[in-house]
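What follows is the content of structure.pdb (PDB, C-alpha atoms and all ligand atoms).
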```pdb
ATOM      1  CA  MET W  24     179.284 151.052 104.072
ATOM      2  CA  HIS W  25     182.084 151.887 106.469
ATOM      3  CA  TYR W  26     181.947 154.835 108.834
ATOM      4  CA  HIS W  27     184.436 156.598 111.072
ATOM      5  CA  VAL W  28     183.704 156.330 114.798
ATOM      6  CA  ASN W  29     186.046 157.732 117.427
ATOM      7  CA  GLY W  30     189.205 157.314 115.390
ATOM      8  CA  ASP W  31     188.465 154.022 113.634
ATOM      9  CA  ILE W  32     186.902 152.979 110.355
ATOM     10  CA  VAL W  33     184.263 150.377 111.159
ATOM     11  CA  PRO W  34     181.575 148.546 109.186
ATOM     12  CA  GLU W  35     178.161 150.210 109.359
ATOM     13  CA  SER W  36     176.816 147.402 111.595
ATOM     14  CA  GLU W  37     179.479 148.209 114.202
ATOM     15  CA  ALA W  38     179.177 151.982 113.880
ATOM     16  CA  THR W  39     177.364 152.630 117.144
ATOM     17  CA  VAL W  40     177.501 155.088 120.011
ATOM     18  CA  SER W  41     176.500 154.728 123.647
ATOM     19  CA  VAL W  42     172.872 155.140 124.714
ATOM     20  CA  ARG W  43     174.334 157.453 127.371
ATOM     21  CA  ASP W  44     175.920 159.707 124.771
ATOM     22  CA  ARG W  45     174.806 163.299 125.320
ATOM     23  CA  GLY W  46     174.232 163.683 121.591
ATOM     24  CA  PHE W  47     171.505 161.031 121.926
ATOM     25  CA  MET W  48     170.247 162.085 125.349
ATOM     26  CA  TYR W  49     170.047 165.838 124.792
ATOM     27  CA  GLY W  50     171.053 166.673 121.223
ATOM     28  CA  ASP W  51     174.250 168.000 122.837
ATOM     29  CA  ALA W  52     176.376 167.786 119.708
ATOM     30  CA  ALA W  53     177.625 169.777 116.741
ATOM     31  CA  PHE W  54     177.554 168.677 113.123
ATOM     32  CA  GLU W  55     178.254 169.664 109.538
ATOM     33  CA  THR W  56     176.752 168.347 106.334
ATOM     34  CA  ILE W  57     179.473 168.549 103.730
ATOM     35  CA  ARG W  58     179.571 167.747 100.035
ATOM     36  CA  ALA W  59     182.448 165.871  98.442
ATOM     37  CA  TYR W  60     182.968 166.557  94.752
ATOM     38  CA  GLY W  61     185.612 164.574  92.912
ATOM     39  CA  GLY W  62     186.846 163.125  96.205
ATOM     40  CA  SER W  63     187.426 166.323  98.183
ATOM     41  CA  PRO W  64     185.175 168.346 100.469
ATOM     42  CA  PHE W  65     183.618 171.522  99.046
ATOM     43  CA  GLU W  66     184.356 174.647 101.141
ATOM     44  CA  TRP W  67     186.132 172.662 103.869
ATOM     45  CA  ASP W  68     187.482 175.771 105.615
ATOM     46  CA  ALA W  69     184.030 177.335 105.860
ATOM     47  CA  HIS W  70     182.591 174.099 107.302
ATOM     48  CA  ALA W  71     185.481 173.831 109.781
ATOM     49  CA  ASP W  72     184.885 177.456 110.838
ATOM     50  CA  ARG W  73     181.154 176.922 111.313
ATOM     51  CA  LEU W  74     181.766 173.705 113.258
ATOM     52  CA  ARG W  75     184.142 175.627 115.516
ATOM     53  CA  ALA W  76     181.519 178.356 115.977
ATOM     54  CA  THR W  77     178.941 175.709 116.940
ATOM     55  CA  CYS W  78     181.343 174.102 119.410
ATOM     56  CA  ASP W  79     182.182 177.526 120.871
ATOM     57  CA  ALA W  80     178.476 178.277 121.270
ATOM     58  CA  LEU W  81     178.063 174.972 123.135
ATOM     59  CA  SER W  82     181.346 175.359 125.083
ATOM     60  CA  LEU W  83     182.261 171.982 123.636
ATOM     61  CA  ASP W  84     186.048 171.838 123.599
ATOM     62  CA  HIS W  85     186.744 168.604 121.704
ATOM     63  CA  GLY W  86     190.459 169.264 121.218
ATOM     64  CA  ILE W  87     190.656 167.771 117.704
ATOM     65  CA  ALA W  88     192.474 169.812 115.069
ATOM     66  CA  ASP W  89     190.701 170.743 111.812
ATOM     67  CA  ASP W  90     193.330 168.818 109.839
ATOM     68  CA  GLU W  91     192.610 165.669 111.789
ATOM     69  CA  LEU W  92     188.867 166.065 111.183
ATOM     70  CA  ARG W  93     189.546 166.536 107.495
ATOM     71  CA  ARG W  94     191.720 163.390 107.502
ATOM     72  CA  ARG W  95     188.853 161.438 109.025
ATOM     73  CA  VAL W  96     186.513 162.664 106.303
ATOM     74  CA  ARG W  97     189.040 161.666 103.660
ATOM     75  CA  ARG W  98     189.568 158.236 105.221
ATOM     76  CA  THR W  99     185.827 157.607 105.326
ATOM     77  CA  LEU W 100     185.442 158.544 101.659
ATOM     78  CA  ASP W 101     188.384 156.322 100.742
ATOM     79  CA  ALA W 102     187.079 153.407 102.841
ATOM     80  CA  ASN W 103     183.912 153.475 100.736
ATOM     81  CA  ASP W 104     185.636 154.280  97.469
ATOM     82  CA  LEU W 105     183.474 157.381  97.123
ATOM     83  CA  ARG W 106     184.263 160.574  95.237
ATOM     84  CA  GLU W 107     180.789 162.110  94.901
ATOM     85  CA  ALA W 108     179.262 162.032  98.331
ATOM     86  CA  TYR W 109     177.193 163.427 101.149
ATOM     87  CA  VAL W 110     179.303 163.615 104.302
ATOM     88  CA  LYS W 111     178.044 164.167 107.848
ATOM     89  CA  LEU W 112     180.620 164.992 110.503
ATOM     90  CA  SER W 113     179.309 164.989 114.081
ATOM     91  CA  ILE W 114     180.965 165.768 117.390
ATOM     92  CA  SER W 115     179.019 165.182 120.577
ATOM     93  CA  ARG W 116     180.024 165.922 124.152
ATOM     94  CA  GLY W 117     180.168 162.171 124.628
ATOM     95  CA  VAL W 118     179.230 160.109 127.660
ATOM     96  CA  GLN W 119     179.269 161.928 130.966
ATOM     97  CA  PRO W 120     177.920 161.150 134.436
ATOM     98  CA  GLY W 121     174.166 161.675 134.278
ATOM     99  CA  LYS W 122     173.259 165.248 134.891
ATOM    100  CA  LEU W 123     172.272 168.040 132.553
ATOM    101  CA  THR W 124     175.106 170.397 133.453
ATOM    102  CA  PRO W 125     177.944 169.555 131.075
ATOM    103  CA  GLY W 126     181.340 168.630 132.439
ATOM    104  CA  PRO W 127     184.572 169.207 130.514
ATOM    105  CA  THR W 128     184.580 167.446 127.128
ATOM    106  CA  THR W 129     187.252 164.875 127.826
ATOM    107  CA  ASN W 130     185.836 162.122 125.650
ATOM    108  CA  PRO W 131     183.871 163.490 122.680
ATOM    109  CA  THR W 132     182.137 161.159 120.260
ATOM    110  CA  VAL W 133     183.279 161.891 116.724
ATOM    111  CA  VAL W 134     181.474 160.258 113.825
ATOM    112  CA  VAL W 135     181.768 160.589 110.048
ATOM    113  CA  ILE W 136     179.106 159.009 107.877
ATOM    114  CA  VAL W 137     178.990 159.203 104.085
ATOM    115  CA  SER W 138     176.664 158.194 101.316
ATOM    116  CA  GLU W 139     176.913 158.432  97.579
ATOM    117  CA  LEU W 140     175.483 161.603  96.043
ATOM    118  CA  PRO W 141     175.870 162.377  92.356
ATOM    119  CA  ARG W 142     177.683 165.562  91.395
ATOM    120  CA  GLY W 143     174.449 167.338  90.474
ATOM    121  CA  GLY W 144     174.888 170.696  88.806
ATOM    122  CA  ILE W 145     173.831 171.542  85.275
ATOM    123  CA  ALA W 146     175.030 168.582  83.253
ATOM    124  CA  GLY W 147     175.184 166.021  86.056
ATOM    125  CA  GLU W 148     172.470 163.865  87.556
ATOM    126  CA  SER W 149     170.306 166.150  89.691
ATOM    127  CA  VAL W 150     169.864 165.293  93.353
ATOM    128  CA  TRP W 151     166.388 166.852  93.307
ATOM    129  CA  SER W 152     163.463 165.960  91.111
ATOM    130  CA  GLY W 153     162.486 169.504  90.072
ATOM    131  CA  PRO W 154     161.846 173.008  91.338
ATOM    132  CA  ALA W 155     160.897 173.003  95.005
ATOM    133  CA  THR W 156     157.542 173.728  96.552
ATOM    134  CA  ALA W 157     157.308 175.396  99.951
ATOM    135  CA  ASP W 158     154.770 176.459 102.543
ATOM    136  CA  VAL W 159     155.090 179.197 105.108
ATOM    137  CA  VAL W 160     154.466 177.301 108.348
ATOM    138  CA  GLU W 161     153.174 178.288 111.785
ATOM    139  CA  THR W 162     156.231 177.004 113.633
ATOM    140  CA  ARG W 163     158.431 180.021 114.304
ATOM    141  CA  ARG W 164     162.199 179.950 114.100
ATOM    142  CA  VAL W 165     163.755 179.714 117.564
ATOM    143  CA  PRO W 166     165.100 183.175 118.461
ATOM    144  CA  ASP W 167     168.837 183.637 118.627
ATOM    145  CA  ALA W 168     168.458 184.678 122.280
ATOM    146  CA  ALA W 169     167.101 181.179 123.047
ATOM    147  CA  LEU W 170     169.513 179.100 120.949
ATOM    148  CA  PRO W 171     172.361 180.746 119.013
ATOM    149  CA  THR W 172     171.370 180.503 115.365
ATOM    150  CA  ARG W 173     174.931 180.024 114.180
ATOM    151  CA  ALA W 174     175.059 176.754 116.138
ATOM    152  CA  LYS W 175     174.342 173.749 113.940
ATOM    153  CA  THR W 176     173.495 171.225 116.622
ATOM    154  CA  HIS W 177     171.960 167.758 116.674
ATOM    155  CA  ASN W 178     168.784 169.331 118.017
ATOM    156  CA  TYR W 179     166.718 169.869 114.874
ATOM    157  CA  LEU W 180     163.294 169.819 116.503
ATOM    158  CA  ASN W 181     162.511 173.341 115.294
ATOM    159  CA  GLY W 182     162.934 172.269 111.664
ATOM    160  CA  ILE W 183     161.284 168.886 112.257
ATOM    161  CA  LEU W 184     158.144 170.517 113.691
ATOM    162  CA  ALA W 185     158.129 172.913 110.741
ATOM    163  CA  ARG W 186     158.405 170.048 108.216
ATOM    164  CA  LEU W 187     155.641 168.098 109.973
ATOM    165  CA  GLU W 188     153.261 170.917 109.055
ATOM    166  CA  THR W 189     153.683 170.549 105.315
ATOM    167  CA  ASP W 190     153.856 168.080 102.437
ATOM    168  CA  ALA W 191     155.841 170.587 100.377
ATOM    169  CA  ASP W 192     159.581 170.156  99.812
ATOM    170  CA  GLU W 193     160.450 172.896 102.263
ATOM    171  CA  ALA W 194     158.916 174.683 105.244
ATOM    172  CA  VAL W 195     159.613 178.415 105.304
ATOM    173  CA  MET W 196     159.803 179.712 108.856
ATOM    174  CA  LEU W 197     159.147 183.228 110.134
ATOM    175  CA  ASP W 198     160.763 184.773 113.192
ATOM    176  CA  SER W 199     158.726 185.848 116.201
ATOM    177  CA  SER W 200     158.091 189.257 114.565
ATOM    178  CA  GLY W 201     156.738 187.685 111.370
ATOM    179  CA  ALA W 202     159.804 188.269 109.173
ATOM    180  CA  VAL W 203     160.955 185.538 106.783
ATOM    181  CA  THR W 204     164.009 183.639 108.033
ATOM    182  CA  GLU W 205     164.835 180.441 106.100
ATOM    183  CA  GLY W 206     163.712 176.936 105.331
ATOM    184  CA  ALA W 207     164.024 174.008 107.755
ATOM    185  CA  THR W 208     167.292 173.008 106.066
ATOM    186  CA  SER W 209     167.901 175.715 103.480
ATOM    187  CA  ASN W 210     168.416 179.435 102.982
ATOM    188  CA  LEU W 211     165.925 181.414 100.961
ATOM    189  CA  PHE W 212     166.670 183.894  98.173
ATOM    190  CA  PHE W 213     164.367 185.885  95.927
ATOM    191  CA  VAL W 214     164.774 188.235  92.996
ATOM    192  CA  ARG W 215     162.753 191.396  92.480
ATOM    193  CA  ASP W 216     163.372 193.846  89.659
ATOM    194  CA  GLY W 217     166.777 192.298  89.026
ATOM    195  CA  THR W 218     168.003 192.571  92.635
ATOM    196  CA  LEU W 219     168.812 189.445  94.616
ATOM    197  CA  HIS W 220     167.539 189.446  98.202
ATOM    198  CA  THR W 221     168.062 187.130 101.151
ATOM    199  CA  PRO W 222     167.229 187.548 104.851
ATOM    200  CA  SER W 223     170.179 189.002 106.712
ATOM    201  CA  LEU W 224     172.102 187.123 109.375
ATOM    202  CA  SER W 225     170.969 189.624 111.982
ATOM    203  CA  GLY W 226     167.766 187.545 112.176
ATOM    204  CA  PRO W 227     167.643 183.877 113.214
ATOM    205  CA  VAL W 228     169.164 182.563 109.990
ATOM    206  CA  LEU W 229     171.839 179.871 109.822
ATOM    207  CA  PRO W 230     174.924 181.206 108.015
ATOM    208  CA  GLY W 231     174.635 178.693 105.190
ATOM    209  CA  ILE W 232     177.854 177.885 103.379
ATOM    210  CA  THR W 233     175.976 177.734 100.057
ATOM    211  CA  ARG W 234     174.291 181.061 100.881
ATOM    212  CA  ASP W 235     177.701 182.639 101.300
ATOM    213  CA  VAL W 236     179.052 181.137  98.075
ATOM    214  CA  VAL W 237     175.967 182.297  96.159
ATOM    215  CA  LEU W 238     176.292 185.844  97.537
ATOM    216  CA  SER W 239     179.942 185.945  96.396
ATOM    217  CA  LEU W 240     179.003 184.563  92.978
ATOM    218  CA  ALA W 241     176.258 187.179  92.630
ATOM    219  CA  GLU W 242     178.781 189.900  93.368
ATOM    220  CA  ALA W 243     181.214 188.469  90.826
ATOM    221  CA  GLU W 244     178.415 188.270  88.246
ATOM    222  CA  GLY W 245     177.452 191.907  88.844
ATOM    223  CA  ILE W 246     173.999 191.018  90.202
ATOM    224  CA  PRO W 247     172.815 193.679  92.671
ATOM    225  CA  THR W 248     172.348 192.089  96.087
ATOM    226  CA  GLU W 249     170.591 193.142  99.257
ATOM    227  CA  THR W 250     170.248 191.410 102.598
ATOM    228  CA  GLY W 251     167.572 192.607 104.998
ATOM    229  CA  ARG W 252     164.352 191.970 106.842
ATOM    230  CA  TYR W 253     161.513 190.749 104.626
ATOM    231  CA  GLU W 254     157.831 190.035 105.057
ATOM    232  CA  PRO W 255     156.295 186.920 103.452
ATOM    233  CA  ASP W 256     154.603 189.191 100.863
ATOM    234  CA  ASP W 257     158.011 190.368  99.631
ATOM    235  CA  VAL W 258     158.817 186.785  98.669
ATOM    236  CA  LEU W 259     155.352 185.967  97.324
ATOM    237  CA  CYS W 260     155.556 188.935  94.927
ATOM    238  CA  ALA W 261     159.059 188.027  93.743
ATOM    239  CA  ASP W 262     159.951 187.425  90.105
ATOM    240  CA  GLU W 263     162.095 184.435  91.071
ATOM    241  CA  ALA W 264     162.983 182.572  94.242
ATOM    242  CA  PHE W 265     165.324 179.738  95.099
ATOM    243  CA  LEU W 266     166.633 177.728  98.045
ATOM    244  CA  THR W 267     170.239 176.883  98.802
ATOM    245  CA  ASN W 268     171.924 174.214 100.825
ATOM    246  CA  THR W 269     174.867 171.871 100.530
ATOM    247  CA  THR W 270     172.800 169.073  99.016
ATOM    248  CA  TRP W 271     170.451 171.051  96.771
ATOM    249  CA  GLU W 272     173.030 173.686  95.757
ATOM    250  CA  VAL W 273     170.752 176.216  93.969
ATOM    251  CA  ARG W 274     167.205 174.837  93.756
ATOM    252  CA  PRO W 275     164.525 176.969  92.088
ATOM    253  CA  LEU W 276     161.357 177.549  94.064
ATOM    254  CA  ALA W 277     158.209 177.095  91.986
ATOM    255  CA  ARG W 278     155.574 177.988  94.537
ATOM    256  CA  ILE W 279     155.031 179.067  98.113
ATOM    257  CA  GLY W 280     151.644 178.017  99.434
ATOM    258  CA  ALA W 281     149.154 178.676  96.639
ATOM    259  CA  THR W 282     151.316 181.356  95.027
ATOM    260  CA  GLU W 283     153.346 180.507  91.962
ATOM    261  CA  ILE W 284     156.544 182.486  92.049
ATOM    262  CA  GLY W 285     156.984 184.741  89.048
ATOM    263  CA  GLU W 286     153.335 184.312  88.044
ATOM    264  CA  GLY W 287     152.172 186.993  85.686
ATOM    265  CA  ASP W 288     155.662 187.853  84.541
ATOM    266  CA  GLU W 289     155.795 186.488  81.023
ATOM    267  CA  THR W 290     159.542 186.881  80.793
ATOM    268  CA  VAL W 291     160.156 184.599  83.742
ATOM    269  CA  GLU W 292     159.840 180.879  83.407
ATOM    270  CA  LEU W 293     158.045 179.522  86.474
ATOM    271  CA  GLY W 294     160.338 177.804  88.910
ATOM    272  CA  GLY W 295     163.639 179.293  87.888
ATOM    273  CA  GLY W 296     164.175 182.558  86.093
ATOM    274  CA  ASP W 297     167.189 184.186  84.569
ATOM    275  CA  VAL W 298     169.032 185.169  87.738
ATOM    276  CA  THR W 299     168.455 181.744  89.326
ATOM    277  CA  ALA W 300     169.782 180.035  86.194
ATOM    278  CA  GLN W 301     172.758 182.384  86.016
ATOM    279  CA  LEU W 302     173.697 181.640  89.637
ATOM    280  CA  ALA W 303     173.148 177.885  89.246
ATOM    281  CA  ASP W 304     175.470 177.995  86.213
ATOM    282  CA  ALA W 305     178.057 180.010  88.114
ATOM    283  CA  PHE W 306     177.879 177.567  91.039
ATOM    284  CA  ASP W 307     178.354 174.636  88.709
ATOM    285  CA  ALA W 308     181.309 176.351  87.033
ATOM    286  CA  LEU W 309     182.920 176.988  90.431
ATOM    287  CA  VAL W 310     182.556 173.335  91.421
ATOM    288  CA  GLY W 311     183.929 172.319  88.017
ATOM    289  CA  THR W 312     186.981 174.545  88.318
ATOM    290  CA  ARG W 313     187.753 173.654  91.906
ATOM    291  CA  HIS W 314     187.050 169.936  91.900
ATOM    292  CA  TYR W 315     187.259 168.543  88.407
ATOM    293  CA  ALA W 316     189.828 170.633  86.537
ATOM    294  CA  GLY W 317     193.027 169.571  88.315
ATOM    295  CA  SER W 318     194.232 166.702  90.419
ATOM    296  CA  ARG W 319     192.621 165.629  93.638
ATOM    297  CA  ASP W 320     193.765 167.782  96.596
TER     298      ASP W 320
HETATM  299  N1  LIG U   1     169.474 176.707 107.188
HETATM  300  C1  LIG U   1     169.312 175.613 107.947
HETATM  301  C2  LIG U   1     168.421 175.665 109.141
HETATM  302  C3  LIG U   1     169.997 174.424 107.616
HETATM  303  O1  LIG U   1     169.848 173.321 108.357
HETATM  304  C4  LIG U   1     170.834 174.403 106.463
HETATM  305  C5  LIG U   1     171.564 173.130 106.093
HETATM  306  N2  LIG U   1     172.768 173.043 106.795
HETATM  307  C6  LIG U   1     170.968 175.570 105.711
HETATM  308  C7  LIG U   1     170.266 176.709 106.101
HETATM  309  C8  LIG U   1     171.874 175.609 104.504
HETATM  310  O2  LIG U   1     173.227 175.572 104.926
HETATM  311  P1  LIG U   1     174.391 175.004 103.969
HETATM  312  O3  LIG U   1     174.362 175.812 102.736
HETATM  313  O4  LIG U   1     175.633 175.223 104.781
HETATM  314  O5  LIG U   1     174.092 173.565 103.712
END
```
Written as structure tokens, that's how I'd like the structure from this file.
Ligand code: PMP
Amino acid sequence: MHYHVNGDIVPESEATVSVRDRGFMYGDAAFETIRAYGGSPFEWDAHADRLRATCDALSLDHGIADDELRRRVRRTLDANDLREAYVKLSISRGVQPGKLTPGPTTNPTVVVIVSELPRGGIAGESVWSGPATADVVETRRVPDAALPTRAKTHNYLNGILARLETDADEAVMLDSSGAVTEGATSNLFFVRDGTLHTPSLSGPVLPGITRDVVLSLAEAEGIPTETGRYEPDDVLCADEAFLTNTTWEVRPLARIGATEIGEGDETVELGGGDVTAQLADAFDALVGTRHYAGSRD
């Protein structure tokens, strides 16, 4: 593989950063996980906006235009001859004289790594093996007042500690008041009596790009939607539930802890009911229209 490091495409073996890089030393870096379908990034503008929001939250002024970042992503895909891919774009505050207080970001470290990921979707090769399992874990989501939730930084210890508690596919975290927030790397949705619910962004919930797309698709499909504050029981009693992220897209949730979602409702197939299937179809259709119908952008 070839990766993009500080302006150059280099072979994987030479794609290295300094041991004094603040991204390594402190997790002082911003990143985006992006999906390329048919050779172009899905929802680039939304990823660029969220990256900017992360950098603003960290006061990390890297000075690189969105277009230039997009060019680097494109060049990395091209260097590896990839059209269906996972893309990780990272910007750290770089190497600075050794103290915690950040200085101005004069020399950021900018890295793009890619790996092949099949298109997924309905007809394609799935990137997950089946409906997800999840556990509600003890590790609480870091409050927004401690670390701005909108910031997608290299410090993923909150999610790592949550995942260490479970063998399930995803760890569902609660906030300090006991409300459901999200998974370690995914947003959580559930359906009750035909209404789609997801925790609102007023809690410590990352504004997932897939979450946003799914909410728009639900509106377009005429599915009633509500965002709010939910207790674990609200999800456990749901008719359907699913997780969203860039890699999984819409992944049905079969069980949380010992509770099978949709159990007892004969009309709902466990691990993916009607609304989940409708939204997964709509997501797939959107990707198809945007990325596979016309020429490469
Ligand atoms: N929440 C968290 C904590 C995440 O790490 C992710 C993955 N970026 C998500 C939600 C889903 O976000 P997206 O749809 O942008 O991948």
Could I get the residues of chain W with an atom no further than 9 Å from an atom of ligand LIG 1 (chain U), each paired with its nearest atom pair and that distance in Å to one decimal, using all atoms listed in the file, sorted by chain and residue number, as a tab-separated table?
```
residue	atom	partner	partner_atom	distance
W:Glu55	CA	U:LIG1	N2	7.0
W:Thr56	CA	U:LIG1	N2	6.2
W:Ile57	CA	U:LIG1	O5	7.4
W:Arg58	CA	U:LIG1	O5	8.8
W:Ala69	CA	U:LIG1	O4	8.7
W:His70	CA	U:LIG1	O4	7.5
W:Arg73	CA	U:LIG1	O4	8.7
W:Thr172	CA	U:LIG1	C2	8.4
W:Lys175	CA	U:LIG1	O1	7.2
W:Tyr179	CA	U:LIG1	O1	8.0
W:Asn181	CA	U:LIG1	C2	8.8
W:Gly182	CA	U:LIG1	C2	6.9
W:Thr204	CA	U:LIG1	N1	8.9
W:Glu205	CA	U:LIG1	N1	6.1
W:Gly206	CA	U:LIG1	N1	6.1
W:Ala207	CA	U:LIG1	C2	4.9
W:Thr208	CA	U:LIG1	C3	3.4
W:Ser209	CA	U:LIG1	C7	3.7
W:Asn210	CA	U:LIG1	C7	4.5
W:Leu211	CA	U:LIG1	C7	8.2
W:Val228	CA	U:LIG1	N1	6.5
W:Leu229	CA	U:LIG1	N1	4.7
W:Pro230	CA	U:LIG1	O2	6.6
W:Gly231	CA	U:LIG1	O2	3.4
W:Ile232	CA	U:LIG1	O4	3.7
W:Thr233	CA	U:LIG1	O3	3.7
W:Arg234	CA	U:LIG1	O3	5.6
W:Asp235	CA	U:LIG1	O3	7.7
W:Val236	CA	U:LIG1	O3	8.5
W:Leu266	CA	U:LIG1	C8	8.6
W:Thr267	CA	U:LIG1	O3	5.8
W:Asn268	CA	U:LIG1	O3	3.5
W:Thr269	CA	U:LIG1	O5	3.7
W:Thr270	CA	U:LIG1	O5	6.6
W:Trp271	CA	U:LIG1	O5	8.2
W:Glu272	CA	U:LIG1	O3	7.4
```
Nearest candidate to Ser41 in chain W (options W:Leu123, W:Val159, W:Val118, W:Leu259; using all atoms listed in the file) | W:Val118
Distance criterion (all atoms listed in the file): nearest to Tyr253 in chain W out of W:Ile279, W:Ile114, W:Ala202, W:Leu240 | W:Ala202
Contacts of Ala261 in chain W at 7 Å or less, counting only C-alpha atoms, minus same-chain residues fewer than 2 places along, as a ChimeraX atom specification?
-> /W:213-215,257-259,263-264,284-285
Check which residues satisfy the PyMOL selection byres (((chain W and resi 299-305) around 9) and not hetatm) in the file shown, then give them as an MDAnalysis selection string.
-> chainID W and resid 144:145 213:214 237 240:241 244 263:265 272:275 295:298 306:310
On this structure, which residues satisfy the PyMOL selection byres (((chain W and resi 248) around 10) and not hetatm), written as a list of chain:residue names?
-> W:Val214, W:Gly217, W:Thr218, W:Leu219, W:His220, W:Thr221, W:Leu238, W:Ser239, W:Ala241, W:Glu242, W:Gly245, W:Ile246, W:Pro247, W:Glu249, W:Thr250
For CA of Gly280 in chain W and CA of Leu224 in chain W, determine how far apart the two atoms are, in Å to one decimal place.
-> 24.5 Å
Interatomic distance, CA of Thr312 in chain W to CA of Phe54 in chain W (Å, one decimal) = 27.2 Å
CA of Ala53 in chain W to CA of Cys78 in chain W, straight-line distance in Å = 6.3 Å
Would you mind telling me which residue in W:Ile87, W:Val40, W:Gly251, W:Asp256 lies nearest to Thr282 in chain W when using all atoms listed in the file?
-> W:Asp256
Just so the selection is clear, what residues does the PyMOL selection byres (((chain W and resi 125-141) around 9) and not hetatm) cover here, as a count of residues only?
-> 53
Out of W:Thr162, W:Asp167, W:Ser63, W:Cys260, which residue has the shortest atom-to-atom distance to Leu180 in chain W when counting all atoms listed in the file?
-> W:Thr162
